[in-house]
$ cat my_file-v1.cif   # mmCIF, C-alpha atoms; chains and numbers go by the auth columns
data_query
#
loop_
_atom_site.group_PDB
_atom_site.id
_atom_site.type_symbol
_atom_site.label_atom_id
_atom_site.label_comp_id
_atom_site.label_asym_id
_atom_site.label_seq_id
_atom_site.Cartn_x
_atom_site.Cartn_y
_atom_site.Cartn_z
_atom_site.B_iso_or_equiv
_atom_site.auth_seq_id
_atom_site.auth_asym_id
ATOM 1 C CA MET A 1 126.043 135.578 163.025 0.00 282 I
ATOM 2 C CA GLY A 2 124.766 138.180 160.682 0.00 283 I
ATOM 3 C CA THR A 3 125.412 141.187 162.933 0.00 284 I
ATOM 4 C CA ALA A 4 126.582 144.696 162.179 0.00 285 I
ATOM 5 C CA ARG A 5 130.074 144.668 163.626 0.00 286 I
ATOM 6 C CA GLU A 6 131.800 147.832 164.703 0.00 287 I
ATOM 7 C CA LYS A 7 135.165 148.186 163.018 0.00 288 I
ATOM 8 C CA ARG A 8 138.052 147.914 165.403 0.00 289 I
ATOM 9 C CA GLY A 9 141.081 150.120 164.964 0.00 290 I
ATOM 10 C CA GLN A 10 144.014 148.363 163.326 0.00 291 I
ATOM 11 C CA VAL A 11 147.649 149.136 164.027 0.00 292 I
ATOM 12 C CA GLU A 12 149.715 149.383 160.844 0.00 293 I
ATOM 13 C CA MET A 13 153.011 147.508 161.124 0.00 294 I
ATOM 14 C CA VAL A 14 156.151 149.570 160.576 0.00 295 I
ATOM 15 C CA PHE A 15 157.892 146.836 158.561 0.00 296 I
ATOM 16 C CA ARG A 16 156.706 144.309 155.944 0.00 297 I
ATOM 17 C CA THR A 17 158.212 141.004 154.892 0.00 298 I
ATOM 18 C CA HIS A 18 156.849 140.064 151.462 0.00 299 I
ATOM 19 C CA GLY A 19 156.477 143.243 149.517 0.00 300 I
ATOM 20 C CA GLY A 20 153.441 144.630 151.285 0.00 301 I
ATOM 21 C CA LYS A 21 149.747 143.969 150.765 0.00 302 I
ATOM 22 C CA ARG A 22 148.945 141.068 148.450 0.00 303 I
ATOM 23 C CA ARG A 23 145.827 140.722 146.342 0.00 304 I
ATOM 24 C CA GLY A 24 143.397 138.245 147.898 0.00 305 I
ATOM 25 C CA ALA A 25 145.100 138.233 151.283 0.00 306 I
ATOM 26 C CA GLY A 26 143.226 138.588 154.545 0.00 307 I
ATOM 27 C CA ARG A 27 140.229 136.947 156.230 0.00 308 I
ATOM 28 C CA LYS A 28 137.786 135.464 153.757 0.00 309 I
ATOM 29 C CA PRO A 29 134.020 135.945 154.030 0.00 310 I
ATOM 30 C CA LYS A 30 132.167 133.095 155.734 0.00 311 I
ATOM 31 C CA GLY A 31 129.195 131.263 154.271 0.00 312 I
ATOM 32 C CA LYS A 32 128.148 130.181 150.805 0.00 313 I
ATOM 33 C CA ARG A 33 126.805 133.581 149.823 0.00 314 I
ATOM 34 C CA ALA A 34 128.874 135.748 152.144 0.00 315 I
ATOM 35 C CA GLY A 35 130.068 138.877 150.485 0.00 316 I
ATOM 36 C CA GLU A 36 128.182 141.743 152.048 0.00 317 I
ATOM 37 C CA SER A 37 130.438 144.694 152.693 0.00 318 I
ATOM 38 C CA HIS A 38 131.967 144.890 156.160 0.00 319 I
ATOM 39 C CA ALA A 39 131.958 148.686 155.949 0.00 320 I
ATOM 40 C CA ALA A 40 130.008 150.501 158.650 0.00 321 I
ATOM 41 C CA ARG A 41 126.298 150.535 157.892 0.00 322 I
ATOM 42 C CA PRO A 42 124.645 153.906 157.216 0.00 323 I
ATOM 43 C CA ALA A 43 122.586 155.663 159.834 0.00 324 I
ATOM 44 C CA HIS A 44 119.124 154.214 160.362 0.00 325 I
ATOM 45 C CA ASP A 45 116.007 156.395 160.175 0.00 326 I
ATOM 46 C CA PRO A 46 113.300 154.862 162.400 0.00 327 I
ATOM 47 C CA ARG A 47 110.645 156.190 160.001 0.00 328 I
ATOM 48 C CA HIS A 48 111.922 153.792 157.336 0.00 329 I
ATOM 49 C CA PRO A 49 111.216 150.054 157.462 0.00 330 I
ATOM 50 C CA VAL A 50 114.106 147.802 156.434 0.00 331 I
ATOM 51 C CA HIS A 51 114.098 144.761 154.162 0.00 332 I
ATOM 52 C CA VAL A 52 116.564 142.294 155.693 0.00 333 I
ATOM 53 C CA THR A 53 117.820 139.189 153.875 0.00 334 I
ATOM 54 C CA MET A 54 119.647 136.554 155.929 0.00 335 I
ATOM 55 C CA ARG A 55 121.287 133.482 154.396 0.00 336 I
ATOM 56 C CA VAL A 56 121.928 130.146 156.035 0.00 337 I
ATOM 57 C CA VAL A 57 125.105 128.138 155.711 0.00 338 I
ATOM 58 C CA GLY A 58 126.105 124.531 155.146 0.00 339 I
ATOM 59 C CA SER A 59 123.821 121.690 156.169 0.00 340 I
ATOM 60 C CA ALA A 60 121.301 124.096 157.711 0.00 341 I
ATOM 61 C CA SER A 61 119.841 124.872 154.265 0.00 342 I
ATOM 62 C CA GLY A 62 116.513 123.333 153.332 0.00 343 I
ATOM 63 C CA LEU A 63 114.457 125.448 155.731 0.00 344 I
ATOM 64 C CA ARG A 64 111.070 124.778 154.165 0.00 345 I
ATOM 65 C CA ARG A 65 110.266 121.847 156.429 0.00 346 I
ATOM 66 C CA ARG A 66 107.786 121.577 159.255 0.00 347 I
ATOM 67 C CA ASP A 67 110.403 121.233 162.000 0.00 348 I
ATOM 68 C CA THR A 68 112.539 124.166 160.849 0.00 349 I
ATOM 69 C CA TYR A 69 109.399 126.271 160.317 0.00 350 I
ATOM 70 C CA PHE A 70 108.472 125.793 163.966 0.00 351 I
ATOM 71 C CA ALA A 71 112.097 126.440 164.966 0.00 352 I
ATOM 72 C CA ILE A 72 112.079 129.809 163.210 0.00 353 I
ATOM 73 C CA ARG A 73 108.591 130.548 164.532 0.00 354 I
ATOM 74 C CA GLU A 74 110.007 130.068 168.028 0.00 355 I
ATOM 75 C CA ALA A 75 112.625 132.710 167.188 0.00 356 I
ATOM 76 C CA THR A 76 109.834 135.138 166.204 0.00 357 I
ATOM 77 C CA LEU A 77 108.260 134.565 169.621 0.00 358 I
ATOM 78 C CA VAL A 78 111.549 135.438 171.318 0.00 359 I
ATOM 79 C CA THR A 79 111.991 138.512 169.116 0.00 360 I
ATOM 80 C CA ALA A 80 108.444 139.685 169.876 0.00 361 I
ATOM 81 C CA ARG A 81 109.547 140.463 173.451 0.00 362 I
ATOM 82 C CA ARG A 82 111.617 143.385 172.180 0.00 363 I
ATOM 83 C CA GLU A 83 110.080 146.857 172.264 0.00 364 I
ATOM 84 C CA ASP A 84 112.533 148.566 169.900 0.00 365 I
ATOM 85 C CA PHE A 85 112.620 146.013 167.043 0.00 366 I
ATOM 86 C CA ARG A 86 109.587 144.566 165.279 0.00 367 I
ATOM 87 C CA ILE A 87 109.171 142.026 162.480 0.00 368 I
ATOM 88 C CA ALA A 88 106.269 143.215 160.322 0.00 369 I
ATOM 89 C CA GLN A 89 106.438 140.629 157.493 0.00 370 I
ATOM 90 C CA MET A 90 108.644 137.644 156.738 0.00 371 I
ATOM 91 C CA SER A 91 109.112 134.537 154.633 0.00 372 I
ATOM 92 C CA ILE A 92 111.262 131.428 154.895 0.00 373 I
ATOM 93 C CA GLN A 93 112.930 130.162 151.718 0.00 374 I
ATOM 94 C CA GLN A 94 115.138 127.094 151.319 0.00 375 I
ATOM 95 C CA ASP A 95 118.437 128.854 152.062 0.00 376 I
ATOM 96 C CA HIS A 96 117.488 132.354 153.164 0.00 377 I
ATOM 97 C CA ILE A 97 114.998 134.319 155.238 0.00 378 I
ATOM 98 C CA HIS A 98 113.351 137.619 154.321 0.00 379 I
ATOM 99 C CA LEU A 99 112.304 140.041 157.052 0.00 380 I
ATOM 100 C CA ILE A 100 110.645 143.424 156.818 0.00 381 I
ATOM 101 C CA VAL A 101 111.338 145.105 160.122 0.00 382 I
ATOM 102 C CA GLU A 102 110.913 148.330 162.025 0.00 383 I
ATOM 103 C CA ALA A 103 113.591 149.492 164.453 0.00 384 I
ATOM 104 C CA ASP A 104 113.769 152.487 166.748 0.00 385 I
ATOM 105 C CA SER A 105 117.490 153.061 166.149 0.00 386 I
ATOM 106 C CA LYS A 106 120.544 151.743 164.345 0.00 387 I
ATOM 107 C CA ARG A 107 121.563 149.831 167.472 0.00 388 I
ATOM 108 C CA ALA A 108 118.056 148.382 167.818 0.00 389 I
ATOM 109 C CA LEU A 109 118.208 147.189 164.210 0.00 390 I
ATOM 110 C CA SER A 110 121.591 145.536 164.696 0.00 391 I
ATOM 111 C CA ASN A 111 120.701 143.966 168.047 0.00 392 I
ATOM 112 C CA GLY A 112 117.291 142.858 166.826 0.00 393 I
ATOM 113 C CA VAL A 113 118.650 141.067 163.768 0.00 394 I
ATOM 114 C CA ARG A 114 121.422 139.550 165.862 0.00 395 I
ATOM 115 C CA GLY A 115 118.993 138.346 168.520 0.00 396 I
ATOM 116 C CA PHE A 116 116.718 136.781 165.933 0.00 397 I
ATOM 117 C CA SER A 117 119.719 135.098 164.257 0.00 398 I
ATOM 118 C CA ILE A 118 120.983 133.624 167.520 0.00 399 I
ATOM 119 C CA SER A 119 117.568 132.346 168.535 0.00 400 I
ATOM 120 C CA ALA A 120 116.850 130.932 165.066 0.00 401 I
ATOM 121 C CA ALA A 121 120.254 129.214 164.953 0.00 402 I
ATOM 122 C CA ARG A 122 119.726 127.603 168.347 0.00 403 I
ATOM 123 C CA GLN A 123 116.260 126.344 167.449 0.00 404 I
ATOM 124 C CA ILE A 124 117.243 125.152 163.949 0.00 405 I
ATOM 125 C CA ASN A 125 120.212 123.219 165.342 0.00 406 I
ATOM 126 C CA LYS A 126 117.891 121.627 167.875 0.00 407 I
ATOM 127 C CA ALA A 127 115.403 120.661 165.128 0.00 408 I
ATOM 128 C CA ILE A 128 118.103 119.184 162.886 0.00 409 I
ATOM 129 C CA THR A 129 119.522 117.249 165.832 0.00 410 I
ATOM 130 C CA ALA A 130 116.099 115.817 166.686 0.00 411 I
ATOM 131 C CA ARG A 131 115.544 114.876 163.060 0.00 412 I
ATOM 132 C CA GLY A 132 118.837 113.068 162.459 0.00 413 I
ATOM 133 C CA GLY A 133 119.964 111.921 165.865 0.00 414 I
ATOM 134 C CA ASP A 134 123.420 113.526 165.642 0.00 415 I
ATOM 135 C CA ARG A 135 123.848 116.675 167.681 0.00 416 I
ATOM 136 C CA ARG A 136 124.325 119.691 165.427 0.00 417 I
ATOM 137 C CA THR A 137 126.068 122.818 166.666 0.00 418 I
ATOM 138 C CA GLY A 138 127.685 125.834 165.072 0.00 419 I
ATOM 139 C CA ARG A 139 126.682 128.668 162.809 0.00 420 I
ATOM 140 C CA VAL A 140 123.424 128.641 160.909 0.00 421 I
ATOM 141 C CA ILE A 141 123.111 132.215 159.671 0.00 422 I
ATOM 142 C CA SER A 142 125.805 133.745 157.466 0.00 423 I
ATOM 143 C CA ASP A 143 128.090 136.276 159.129 0.00 424 I
ATOM 144 C CA ARG A 144 126.557 139.229 157.291 0.00 425 I
ATOM 145 C CA TYR A 145 123.016 140.206 156.303 0.00 426 I
ATOM 146 C CA HIS A 146 121.730 142.531 153.630 0.00 427 I
ATOM 147 C CA ALA A 147 119.653 145.455 154.906 0.00 428 I
ATOM 148 C CA ARG A 148 117.820 147.763 152.485 0.00 429 I
ATOM 149 C CA PRO A 149 115.978 150.814 153.871 0.00 430 I
ATOM 150 C CA LEU A 150 112.507 151.311 152.384 0.00 431 I
ATOM 151 C CA THR A 151 112.112 155.038 151.928 0.00 432 I
ATOM 152 C CA SER A 152 108.952 155.356 149.796 0.00 433 I
ATOM 153 C CA PRO A 153 105.500 153.743 149.478 0.00 434 I
ATOM 154 C CA ARG A 154 106.565 152.111 146.204 0.00 435 I
ATOM 155 C CA ALA A 155 109.673 150.611 147.806 0.00 436 I
ATOM 156 C CA VAL A 156 107.547 149.239 150.646 0.00 437 I
ATOM 157 C CA ARG A 157 104.991 147.750 148.260 0.00 438 I
ATOM 158 C CA ASN A 158 107.698 146.073 146.172 0.00 439 I
ATOM 159 C CA ALA A 159 109.494 144.690 149.230 0.00 440 I
ATOM 160 C CA ILE A 160 106.316 143.218 150.721 0.00 441 I
ATOM 161 C CA ALA A 161 105.359 141.634 147.385 0.00 442 I
ATOM 162 C CA TYR A 162 108.848 140.212 147.019 0.00 443 I
ATOM 163 C CA THR A 163 108.940 138.879 150.580 0.00 444 I
ATOM 164 C CA LEU A 164 105.501 137.270 150.679 0.00 445 I
ATOM 165 C CA SER A 165 105.450 135.997 147.077 0.00 446 I
ATOM 166 C CA ASN A 166 109.081 134.910 146.894 0.00 447 I
ATOM 167 C CA TRP A 167 107.939 131.273 146.820 0.00 448 I
ATOM 168 C CA ARG A 168 106.494 131.890 143.330 0.00 449 I
ATOM 169 C CA HIS A 169 109.780 133.463 142.249 0.00 450 I
ATOM 170 C CA HIS A 170 111.575 130.251 143.310 0.00 451 I
ATOM 171 C CA GLY A 171 108.879 127.878 142.028 0.00 452 I
ATOM 172 C CA GLU A 172 107.992 126.612 145.506 0.00 453 I
ATOM 173 C CA ASP A 173 104.290 127.184 144.775 0.00 454 I
ATOM 174 C CA ARG A 174 104.417 124.224 142.369 0.00 455 I
ATOM 175 C CA ALA A 175 105.407 121.752 145.091 0.00 456 I
ATOM 176 C CA PRO A 176 102.654 119.139 145.654 0.00 457 I
ATOM 177 C CA LEU A 177 101.894 120.186 149.223 0.00 458 I
ATOM 178 C CA ALA A 178 101.757 123.880 148.294 0.00 459 I
ATOM 179 C CA ARG A 179 99.266 123.733 145.435 0.00 460 I
ATOM 180 C CA THR A 180 96.277 124.050 147.746 0.00 461 I
ATOM 181 C CA TRP A 181 97.591 127.253 149.336 0.00 462 I
ATOM 182 C CA LYS A 182 96.748 130.678 147.961 0.00 463 I
ATOM 183 C CA VAL A 183 99.690 132.203 149.828 0.00 464 I
ATOM 184 C CA ASP A 184 103.033 130.883 151.011 0.00 465 I
ATOM 185 C CA PRO A 185 102.468 128.899 154.225 0.00 466 I
ATOM 186 C CA PHE A 186 106.138 129.530 155.071 0.00 467 I
ATOM 187 C CA SER A 187 105.474 133.276 155.255 0.00 468 I
ATOM 188 C CA SER A 188 103.366 135.735 157.195 0.00 469 I
ATOM 189 C CA GLY A 189 101.074 136.008 154.156 0.00 470 I
ATOM 190 C CA ALA A 190 98.271 134.125 155.901 0.00 471 I
ATOM 191 C CA VAL A 191 97.724 137.073 158.246 0.00 472 I
ATOM 192 C CA PHE A 192 98.547 139.880 155.788 0.00 473 I
ATOM 193 C CA PHE A 193 95.756 142.398 155.179 0.00 474 I
ATOM 194 C CA GLY A 194 97.015 143.889 151.911 0.00 475 I
ATOM 195 C CA TRP A 195 96.041 141.172 149.412 0.00 476 I
ATOM 196 C CA LYS A 196 94.030 142.408 146.429 0.00 477 I
ATOM 197 C CA GLU A 197 91.680 139.415 146.394 0.00 478 I
ATOM 198 C CA LEU A 198 90.287 140.059 149.875 0.00 479 I
ATOM 199 C CA GLU A 199 90.783 143.734 150.571 0.00 480 I
ATOM 200 C CA GLY A 200 90.853 144.476 154.278 0.00 481 I
ATOM 201 C CA SER A 201 90.917 140.826 155.365 0.00 482 I
ATOM 202 C CA PRO A 202 93.478 138.045 155.579 0.00 483 I
ATOM 203 C CA VAL A 203 93.355 135.600 152.672 0.00 484 I
ATOM 204 C CA LEU A 204 93.132 132.655 155.063 0.00 485 I
ATOM 205 C CA TRP A 205 90.456 133.219 157.662 0.00 486 I
ATOM 206 C CA PRO A 206 89.691 131.350 159.756 0.00 487 I
ATOM 207 C CA LEU A 207 93.132 129.766 159.765 0.00 488 I
ATOM 208 C CA PRO A 208 93.357 125.988 159.375 0.00 489 I
ATOM 209 C CA PRO A 209 93.295 124.490 162.903 0.00 490 I
ATOM 210 C CA THR A 210 96.670 122.798 162.444 0.00 491 I
ATOM 211 C CA TYR A 211 98.391 125.927 161.096 0.00 492 I
ATOM 212 C CA HIS A 212 100.329 128.193 163.449 0.00 493 I
ATOM 213 C CA PRO A 213 101.276 131.484 161.750 0.00 494 I
ATOM 214 C CA LEU A 214 104.586 133.249 162.169 0.00 495 I
ATOM 215 C CA ILE A 215 104.539 135.954 164.835 0.00 496 I
ATOM 216 C CA VAL A 216 104.640 139.436 163.296 0.00 497 I
ATOM 217 C CA PHE A 217 103.681 142.902 164.528 0.00 498 I
ATOM 218 C CA ARG A 218 101.128 145.292 163.159 0.00 499 I
ATOM 219 C CA PRO A 219 103.248 148.088 161.640 0.00 500 I
ATOM 220 C CA ARG A 220 103.785 151.397 163.386 0.00 501 I
ATOM 221 C CA THR A 221 105.641 153.312 160.688 0.00 502 I
ATOM 222 C CA TRP A 222 103.609 155.487 158.330 0.00 503 I
ATOM 223 C CA LEU A 223 105.154 153.850 155.267 0.00 504 I
ATOM 224 C CA LEU A 224 104.079 150.336 156.257 0.00 505 I
ATOM 225 C CA GLN A 225 100.662 151.566 157.307 0.00 506 I
ATOM 226 C CA SER A 226 99.911 153.707 154.244 0.00 507 I
ATOM 227 C CA TRP A 227 101.699 152.327 151.150 0.00 508 I
ATOM 228 C CA HIS A 228 98.399 150.970 149.736 0.00 509 I
ATOM 229 C CA GLN A 229 96.978 154.495 149.533 0.00 510 I
ATOM 230 C CA PHE A 230 99.435 155.235 146.717 0.00 511 I
ATOM 231 C CA HIS A 231 99.919 151.892 144.944 0.00 512 I
ATOM 232 C CA PRO A 232 97.783 148.853 144.046 0.00 513 I
ATOM 233 C CA LEU A 233 97.235 146.075 146.518 0.00 514 I
ATOM 234 C CA ILE A 234 99.216 142.878 145.998 0.00 515 I
ATOM 235 C CA SER A 235 97.660 139.919 144.196 0.00 516 I
ATOM 236 C CA VAL A 236 98.191 136.447 145.636 0.00 517 I
ATOM 237 C CA ARG A 237 99.139 135.407 142.078 0.00 518 I
ATOM 238 C CA GLU A 238 101.811 138.060 141.651 0.00 519 I
ATOM 239 C CA VAL A 239 105.223 136.680 140.724 0.00 520 I
ATOM 240 C CA PRO A 240 107.973 139.079 141.861 0.00 521 I
ATOM 241 C CA GLY A 241 111.046 139.582 139.738 0.00 522 I
ATOM 242 C CA HIS A 242 114.583 140.237 140.919 0.00 523 I
ATOM 243 C CA HIS A 243 114.617 142.736 143.775 0.00 524 I
#
$ encode --input "my_file-v1.cif" --output "structure tokens"
Amino acid sequence: MGTAREKRGQVEMVFRTHGGKRRGAGRKPKGKRAGESHAARPAHDPRHPVHVTMRVVGSASGLRRRDTYFAIREATLVTARREDFRIAQMSIQQDHIHLIVEADSKRALSNGVRGFSISAARQINKAITARGGDRRTGRVISDRYHARPLTSPRAVRNAIAYTLSNWRHHGEDRAPLARTWKVDPFSSGAVFFGWKELEGSPVLWPLPPTYHPLIVFRPRTWLLQSWHQFHPLISVREVPGHH
């Protein structure tokens, strides 16, 4: 479920039967894009925000729909109850989710991502079941997630631009229903205050009456609060490259 698993001690067998360790043997990664290292994650510095990328598996892909949007939004509501883990920015792509988070400790980071994954999986399965009539159960989020600490104002600026403008990177801004939006409606961009075009204000204000934004926290870390003092604000037309 995309959690940071503690490595369990393994007992080495005294005897072998087929010439020892074979290339390619062992448990295979789960999920279409699974492949993140299962090595222990480095220590987490609570002063540093983290860019988390989570990928979905199998028939759960295709997240940019109204029902799955509200399913994931429900998971942000559940996550908002935590005191030690905060989602500051996020976006929903077809087969993955970007989060920029703050966490008070390494354990808080791991538990926070895991809690969000579990809640999102439950709600997405419920939405898919309601849509198709057949009850869907099982994993939704890949068994590992990618977590990149953001240790400088430039890194924070680049990660926010990549997260909120990722729809332009994937061409989702050219979809018919998206052409009237200045920012990605499947992101927290509607309530982001760092857009160049409207400095100090959200791009969409007041919000459309039928639009319910994703639930994110105002940042507490200095890096998320102050990156714009050192680097340019982000344009709504910016197209991020590979990150």
$ atom_distance --input "my_file-v1.cif" --atom1 "CA of Trp448 (chain I)" --atom2 "CA of Arg345 (chain I)"
10.3 Å
$ closest_residue --input "my_file-v1.cif" --among "I:Lys407, I:His325, I:Lys477, I:Arg346" --to "Lys387 (chain I)" --atoms "all atoms listed in the file"
I:His325
$ residues_around --input "my_file-v1.cif" --residues "region 440-446 of chain I" --least-positions-apart "6" --cutoff "7 Å" --atoms "only C-alpha atoms" --output "PyMOL selection string"
chain I and resi 332+371-372+379+465+468+470+515+519-521
$ atom_distance --input "my_file-v1.cif" --atom1 "CA of Ala369 (chain I)" --atom2 "CA of Ile381 (chain I)"
5.6 Å
$ residues_near_point --input "my_file-v1.cif" --point "(97.1, 129.3, 160.9)" --cutoff "12 Å" --atoms "all atoms listed in the file" --output "list in words"
Trp462, Val464, Asp465, Pro466, Phe467, Ser468, Ser469, Gly470, Ala471, Val472, Phe473, Pro483, Val484, Leu485, Trp486, Pro487, Leu488, Pro489, Pro490, Thr491, Tyr492, His493, Pro494, Leu495 and Ile496 of chain I
$ atom_distance --input "my_file-v1.cif" --atom1 "CA of Arg388 (chain I)" --atom2 "CA of Gly475 (chain I)"
29.7 Å
$ resolve_selection --input "my_file-v1.cif" --expression "the PyMOL selection byres ((chain I and resi 378) around 9)" --output "ChimeraX atom specification"
/I:333-337,344,371-377,379-380,444
$ resolve_selection --input "my_file-v1.cif" --expression "the PyMOL selection byres ((chain I and resi 349-356) around 6)" --output "list in words"
Leu344, Arg346, Arg347, Asp348, Thr357, Leu358, Val359, Phe397, Ser400, Ala401, Gln404, Ile405 and Leu495 of chain I
$ residues_around --input "my_file-v1.cif" --residues "Thr502 (chain I)" --least-positions-apart "6" --cutoff "9 Å" --atoms "only C-alpha atoms" --output "list in words"
Pro327, Arg328, His329, Pro330 and Glu383 of chain I
$ closest_residue --input "my_file-v1.cif" --among "I:Arg435, I:Arg403, I:Lys463, I:Arg518" --to "Leu504 (chain I)" --atoms "only C-alpha atoms"
I:Arg435
$ resolve_selection --input "my_file-v1.cif" --expression "the PyMOL selection byres ((chain I and resi 500) around 9)" --output "list in words"
Arg367, Ile368, Ala369, Val382, Glu383, Val497, Phe498, Arg499, Arg501, Thr502, Trp503, Leu504, Leu505 and Gln506 of chain I
$ write_last_selection --input "my_file-v1.cif" --atoms "C-alpha atoms" --output "compact mmCIF listing (two decimals), in the frame of the given file"
# COMPACT_ATOMS: atom_id res chain seq x y z
CA ARG I 367 109.59 144.57 165.28
CA ILE I 368 109.17 142.03 162.48
CA ALA I 369 106.27 143.22 160.32
CA VAL I 382 111.34 145.10 160.12
CA GLU I 383 110.91 148.33 162.02
CA VAL I 497 104.64 139.44 163.30
CA PHE I 498 103.68 142.90 164.53
CA ARG I 499 101.13 145.29 163.16
CA ARG I 501 103.78 151.40 163.39
CA THR I 502 105.64 153.31 160.69
CA TRP I 503 103.61 155.49 158.33
CA LEU I 504 105.15 153.85 155.27
CA LEU I 505 104.08 150.34 156.26
CA GLN I 506 100.66 151.57 157.31
